[in-house]
file my_file_36.cif (mmCIF, C-alpha atoms, pLDDT in the B column; chains and numbers go by the auth columns)
data_coords
loop_
_atom_site.group_PDB
_atom_site.id
_atom_site.type_symbol
_atom_site.label_atom_id
_atom_site.label_comp_id
_atom_site.label_asym_id
_atom_site.label_seq_id
_atom_site.Cartn_x
_atom_site.Cartn_y
_atom_site.Cartn_z
_atom_site.B_iso_or_equiv
_atom_site.auth_seq_id
_atom_site.auth_asym_id
ATOM 1 C CA MET A 1 8.002 7.997 -10.852 60.00 1 A
ATOM 2 C CA HIS A 2 5.437 5.155 -10.952 86.00 2 A
ATOM 3 C CA GLU A 3 3.984 6.704 -7.793 94.00 3 A
ATOM 4 C CA LEU A 4 2.340 9.377 -9.983 96.00 4 A
ATOM 5 C CA SER A 5 0.265 6.841 -11.925 96.00 5 A
ATOM 6 C CA ILE A 6 -0.557 4.975 -8.707 96.00 6 A
ATOM 7 C CA THR A 7 -1.707 8.218 -7.092 97.00 7 A
ATOM 8 C CA GLU A 8 -3.771 9.149 -10.155 97.00 8 A
ATOM 9 C CA ASN A 9 -5.491 5.756 -9.912 97.00 9 A
ATOM 10 C CA LEU A 10 -6.141 6.281 -6.182 97.00 10 A
ATOM 11 C CA LEU A 11 -7.769 9.622 -6.897 98.00 11 A
ATOM 12 C CA GLU A 12 -9.883 8.194 -9.723 98.00 12 A
ATOM 13 C CA ILE A 13 -11.109 5.314 -7.533 97.00 13 A
ATOM 14 C CA THR A 14 -11.790 7.673 -4.629 97.00 14 A
ATOM 15 C CA LEU A 15 -13.767 10.168 -6.703 97.00 15 A
ATOM 16 C CA ARG A 16 -15.745 7.423 -8.438 97.00 16 A
ATOM 17 C CA HIS A 17 -16.831 5.868 -5.142 96.00 17 A
ATOM 18 C CA ALA A 18 -17.522 9.281 -3.617 96.00 18 A
ATOM 19 C CA GLN A 19 -19.779 10.202 -6.535 95.00 19 A
ATOM 20 C CA VAL A 20 -21.759 6.974 -6.266 95.00 20 A
ATOM 21 C CA ALA A 21 -22.230 7.549 -2.514 95.00 21 A
ATOM 22 C CA ASP A 22 -23.059 11.249 -3.024 95.00 22 A
ATOM 23 C CA VAL A 23 -20.229 12.300 -0.697 94.00 23 A
ATOM 24 C CA LYS A 24 -19.475 15.974 -0.094 95.00 24 A
ATOM 25 C CA LYS A 25 -15.918 15.603 1.270 98.00 25 A
ATOM 26 C CA VAL A 26 -13.307 12.852 1.469 98.00 26 A
ATOM 27 C CA THR A 27 -11.363 13.165 4.722 98.00 27 A
ATOM 28 C CA GLN A 28 -9.004 10.175 4.765 98.00 28 A
ATOM 29 C CA LEU A 29 -7.766 7.309 2.624 98.00 29 A
ATOM 30 C CA ASN A 30 -6.626 4.201 4.480 98.00 30 A
ATOM 31 C CA LEU A 31 -3.935 2.487 2.448 98.00 31 A
ATOM 32 C CA VAL A 32 -2.267 -0.864 3.058 97.00 32 A
ATOM 33 C CA MET A 33 1.301 -1.169 1.814 95.00 33 A
ATOM 34 C CA GLY A 34 3.488 -4.244 2.081 94.00 34 A
ATOM 35 C CA GLN A 35 7.090 -4.066 3.188 91.00 35 A
ATOM 36 C CA MET A 36 8.156 -5.415 -0.225 90.00 36 A
ATOM 37 C CA ALA A 37 6.051 -2.972 -2.264 90.00 37 A
ATOM 38 C CA SER A 38 8.299 -0.684 -4.254 89.00 38 A
ATOM 39 C CA ILE A 39 6.222 2.396 -3.476 93.00 39 A
ATOM 40 C CA VAL A 40 7.458 5.429 -1.555 93.00 40 A
ATOM 41 C CA ASP A 41 4.682 6.775 0.645 92.00 41 A
ATOM 42 C CA ASP A 42 6.183 10.298 0.726 95.00 42 A
ATOM 43 C CA SER A 43 6.032 10.375 -3.082 96.00 43 A
ATOM 44 C CA VAL A 44 2.395 9.255 -3.089 97.00 44 A
ATOM 45 C CA GLN A 45 1.614 11.998 -0.562 96.00 45 A
ATOM 46 C CA PHE A 46 3.502 14.575 -2.657 97.00 46 A
ATOM 47 C CA TYR A 47 1.579 13.711 -5.829 98.00 47 A
ATOM 48 C CA TRP A 48 -1.717 13.499 -3.919 98.00 48 A
ATOM 49 C CA ASP A 49 -1.310 17.059 -2.658 97.00 49 A
ATOM 50 C CA ILE A 50 -0.914 18.233 -6.254 97.00 50 A
ATOM 51 C CA ILE A 51 -3.517 16.219 -8.171 98.00 51 A
ATOM 52 C CA ALA A 52 -6.292 16.215 -5.543 98.00 52 A
ATOM 53 C CA LYS A 53 -6.309 20.027 -5.433 98.00 53 A
ATOM 54 C CA GLY A 54 -9.725 21.400 -6.394 97.00 54 A
ATOM 55 C CA THR A 55 -11.532 18.091 -5.794 98.00 55 A
ATOM 56 C CA ILE A 56 -13.643 16.879 -2.870 98.00 56 A
ATOM 57 C CA ALA A 57 -10.598 14.849 -1.853 98.00 57 A
ATOM 58 C CA GLN A 58 -8.363 17.878 -1.434 97.00 58 A
ATOM 59 C CA ASP A 59 -6.717 17.892 2.021 96.00 59 A
ATOM 60 C CA ALA A 60 -7.661 14.245 2.628 97.00 60 A
ATOM 61 C CA ILE A 61 -5.183 12.497 4.903 97.00 61 A
ATOM 62 C CA LEU A 62 -3.375 9.503 3.451 98.00 62 A
ATOM 63 C CA LYS A 63 -2.865 6.953 6.211 98.00 63 A
ATOM 64 C CA PHE A 64 -0.367 4.202 5.355 97.00 64 A
ATOM 65 C CA GLU A 65 -0.481 0.871 7.186 96.00 65 A
ATOM 66 C CA ARG A 66 2.678 -1.206 6.672 93.00 66 A
ATOM 67 C CA ILE A 67 2.342 -4.970 6.321 93.00 67 A
ATOM 68 C CA PRO A 68 5.461 -7.083 7.010 93.00 68 A
ATOM 69 C CA ALA A 69 6.850 -9.320 4.305 93.00 69 A
ATOM 70 C CA THR A 70 6.045 -12.992 4.826 95.00 70 A
ATOM 71 C CA PHE A 71 7.652 -15.938 3.075 96.00 71 A
ATOM 72 C CA HIS A 72 7.153 -19.655 2.585 97.00 72 A
ATOM 73 C CA CYS A 73 10.229 -21.886 2.495 97.00 73 A
ATOM 74 C CA LEU A 74 9.862 -24.311 -0.390 98.00 74 A
ATOM 75 C CA ASP A 75 12.380 -26.723 1.164 98.00 75 A
ATOM 76 C CA CYS A 76 11.079 -27.168 4.736 98.00 76 A
ATOM 77 C CA ASP A 77 7.567 -25.662 4.449 97.00 77 A
ATOM 78 C CA THR A 78 8.231 -23.021 7.140 97.00 78 A
ATOM 79 C CA LYS A 79 6.330 -19.732 6.983 97.00 79 A
ATOM 80 C CA PHE A 80 8.253 -16.730 8.340 96.00 80 A
ATOM 81 C CA THR A 81 8.304 -12.950 8.496 94.00 81 A
ATOM 82 C CA LEU A 82 11.215 -10.979 7.107 86.00 82 A
ATOM 83 C CA THR A 83 13.282 -9.541 9.951 81.00 83 A
ATOM 84 C CA ASN A 84 16.383 -8.454 8.035 75.00 84 A
ATOM 85 C CA GLN A 85 15.991 -6.629 4.704 71.00 85 A
ATOM 86 C CA ALA A 86 19.233 -8.180 3.420 75.00 86 A
ATOM 87 C CA ASP A 87 18.582 -11.792 4.449 85.00 87 A
ATOM 88 C CA PHE A 88 15.773 -13.706 2.751 89.00 88 A
ATOM 89 C CA SER A 89 16.898 -17.129 3.956 93.00 89 A
ATOM 90 C CA CYS A 90 14.659 -19.408 5.977 96.00 90 A
ATOM 91 C CA PRO A 91 15.326 -19.082 9.716 94.00 91 A
ATOM 92 C CA HIS A 92 14.651 -22.816 10.162 96.00 92 A
ATOM 93 C CA CYS A 93 16.812 -24.422 7.451 97.00 93 A
ATOM 94 C CA GLN A 94 18.724 -21.442 5.961 95.00 94 A
ATOM 95 C CA SER A 95 17.418 -22.233 2.472 97.00 95 A
ATOM 96 C CA THR A 96 17.070 -19.349 0.051 95.00 96 A
ATOM 97 C CA CYS A 97 14.447 -21.215 -1.943 97.00 97 A
ATOM 98 C CA VAL A 98 11.568 -19.106 -0.641 96.00 98 A
ATOM 99 C CA GLN A 99 8.386 -17.619 -2.035 96.00 99 A
ATOM 100 C CA VAL A 100 6.802 -14.275 -1.069 93.00 100 A
ATOM 101 C CA ILE A 101 3.302 -14.935 0.285 95.00 101 A
ATOM 102 C CA GLY A 102 2.556 -11.509 1.747 94.00 102 A
ATOM 103 C CA GLY A 103 3.902 -8.022 2.096 93.00 103 A
ATOM 104 C CA ASP A 104 4.063 -7.073 -1.576 92.00 104 A
ATOM 105 C CA GLU A 105 0.549 -5.627 -1.740 94.00 105 A
ATOM 106 C CA PHE A 106 -0.643 -2.054 -2.102 94.00 106 A
ATOM 107 C CA ARG A 107 -4.344 -1.374 -1.810 96.00 107 A
ATOM 108 C CA LEU A 108 -6.916 1.188 -0.848 97.00 108 A
ATOM 109 C CA ASP A 109 -8.523 -0.370 2.214 97.00 109 A
ATOM 110 C CA SER A 110 -11.192 2.239 2.978 97.00 110 A
ATOM 111 C CA ILE A 111 -12.245 5.841 2.443 97.00 111 A
ATOM 112 C CA ASP A 112 -13.445 8.097 5.261 97.00 112 A
ATOM 113 C CA VAL A 113 -15.931 10.776 4.267 96.00 113 A
ATOM 114 C CA GLU A 114 -18.180 13.522 5.608 91.00 114 A
#
call {"tool": "encode", "arguments": {"input": "my_file_36.cif", "output": "structure tokens"}}
result
Amino acid sequence: MHELSITENLLEITLRHAQVADVKKVTQLNLVMGQMASIVDDSVQFYWDIIAKGTIAQDAILKFERIPATFHCLDCDTKFTLTNQADFSCPHCQSTCVQVIGGDEFRLDSIDVE
């Protein structure tokens, strides 16, 4: 359900920037979402279709770019990308003492307009 508040924030940011730029229509939002982000893109799209209705962002396409999860092993200093959702251990030393260094983000990268 947190996707609703995220989507409301996306719409607010979009409309604010569109107003400043004197935009007539928003056509696409380019979103970056990490593999570890606990956000369901279908839910964001569902809420967008509802709350953007009647605005200059109505019918804008939401384009989601997925970023892989990357980790840093605190034992052997290896940086690696998550390949198995169930296994967070370092592929070099098998340590589970790892830190997420990427792939947990969610951001609005750009807005396409007419």
call {"tool": "closest_residue", "arguments": {"input": "my_file_36.cif", "among": "A:Ile56, A:Gln35, A:Gln85, A:Asp42", "to": "Asp22 in chain A", "atoms": "all atoms listed in the file"}}
result
A:Ile56
call {"tool": "closest_residue", "arguments": {"input": "my_file_36.cif", "among": "A:Ile6, A:Val26, A:Ile111, A:Leu82", "to": "Val40 in chain A", "atoms": "all atoms listed in the file"}}
result
A:Ile6
call {"tool": "residues_around", "arguments": {"input": "my_file_36.cif", "residues": "Val98 in chain A", "least_positions_apart": "5", "cutoff": "6 Å", "atoms": "all atoms listed in the file", "output": "ChimeraX atom specification"}}
result
/A:72-74
call {"tool": "atom_distance", "arguments": {"input": "my_file_36.cif", "atom1": "CA of Val100 in chain A", "atom2": "CA of Glu65 in chain A"}}
result
18.7 Å
call {"tool": "resolve_selection", "arguments": {"input": "my_file_36.cif", "expression": "the PyMOL selection byres ((chain A and resi 66) around 6)", "output": "list in words"}}
result
Met33, Gly34, Glu65 and Ile67 of chain A
call {"tool": "write_last_selection", "arguments": {"input": "my_file_36.cif", "atoms": "C-alpha atoms", "output": "mmCIF file, in the coordinates of the input"}}
result
data_model
loop_
_atom_site.group_PDB
_atom_site.id
_atom_site.type_symbol
_atom_site.label_atom_id
_atom_site.label_comp_id
_atom_site.auth_asym_id
_atom_site.auth_seq_id
_atom_site.Cartn_x
_atom_site.Cartn_y
_atom_site.Cartn_z
ATOM 1 C CA MET A 33 1.301 -1.169 1.814
ATOM 2 C CA GLY A 34 3.488 -4.244 2.081
ATOM 3 C CA GLU A 65 -0.481 0.871 7.186
ATOM 4 C CA ILE A 67 2.342 -4.970 6.321
#
call {"tool": "closest_residue", "arguments": {"input": "my_file_36.cif", "among": "A:Lys63, A:Gly54, A:Thr27, A:Glu3", "to": "Leu108 in chain A", "atoms": "all atoms listed in the file"}}
result
A:Lys63
call {"tool": "residues_around", "arguments": {"input": "my_file_36.cif", "residues": "Asn9 in chain A", "least_positions_apart": "3", "cutoff": "12 Å", "atoms": "all atoms listed in the file", "output": "list in words"}}
result
His2, Glu3, Leu4, Ser5, Ile6, Glu12, Ile13, Thr14, Leu15, Arg16, Val44, Tyr47, Trp48, Ile51, Ala52, Arg107 and Leu108 of chain A
call {"tool": "write_last_selection", "arguments": {"input": "my_file_36.cif", "atoms": "C-alpha atoms", "output": "PDB file, in the frame of the given file"}}
result
ATOM      1  CA  HIS A   2       5.437   5.155 -10.952  1.00 86.00           C
ATOM      2  CA  GLU A   3       3.984   6.704  -7.793  1.00 94.00           C
ATOM      3  CA  LEU A   4       2.340   9.377  -9.983  1.00 96.00           C
ATOM      4  CA  SER A   5       0.265   6.841 -11.925  1.00 96.00           C
ATOM      5  CA  ILE A   6      -0.557   4.975  -8.707  1.00 96.00           C
ATOM      6  CA  GLU A  12      -9.883   8.194  -9.723  1.00 98.00           C
ATOM      7  CA  ILE A  13     -11.109   5.314  -7.533  1.00 97.00           C
ATOM      8  CA  THR A  14     -11.790   7.673  -4.629  1.00 97.00           C
ATOM      9  CA  LEU A  15     -13.767  10.168  -6.703  1.00 97.00           C
ATOM     10  CA  ARG A  16     -15.745   7.423  -8.438  1.00 97.00           C
ATOM     11  CA  VAL A  44       2.395   9.255  -3.089  1.00 97.00           C
ATOM     12  CA  TYR A  47       1.579  13.711  -5.829  1.00 98.00           C
ATOM     13  CA  TRP A  48      -1.717  13.499  -3.919  1.00 98.00           C
ATOM     14  CA  ILE A  51      -3.517  16.219  -8.171  1.00 98.00           C
ATOM     15  CA  ALA A  52      -6.292  16.215  -5.543  1.00 98.00           C
ATOM     16  CA  ARG A 107      -4.344  -1.374  -1.810  1.00 96.00           C
ATOM     17  CA  LEU A 108      -6.916   1.188  -0.848  1.00 97.00           C
TER      18      LEU A 108
END
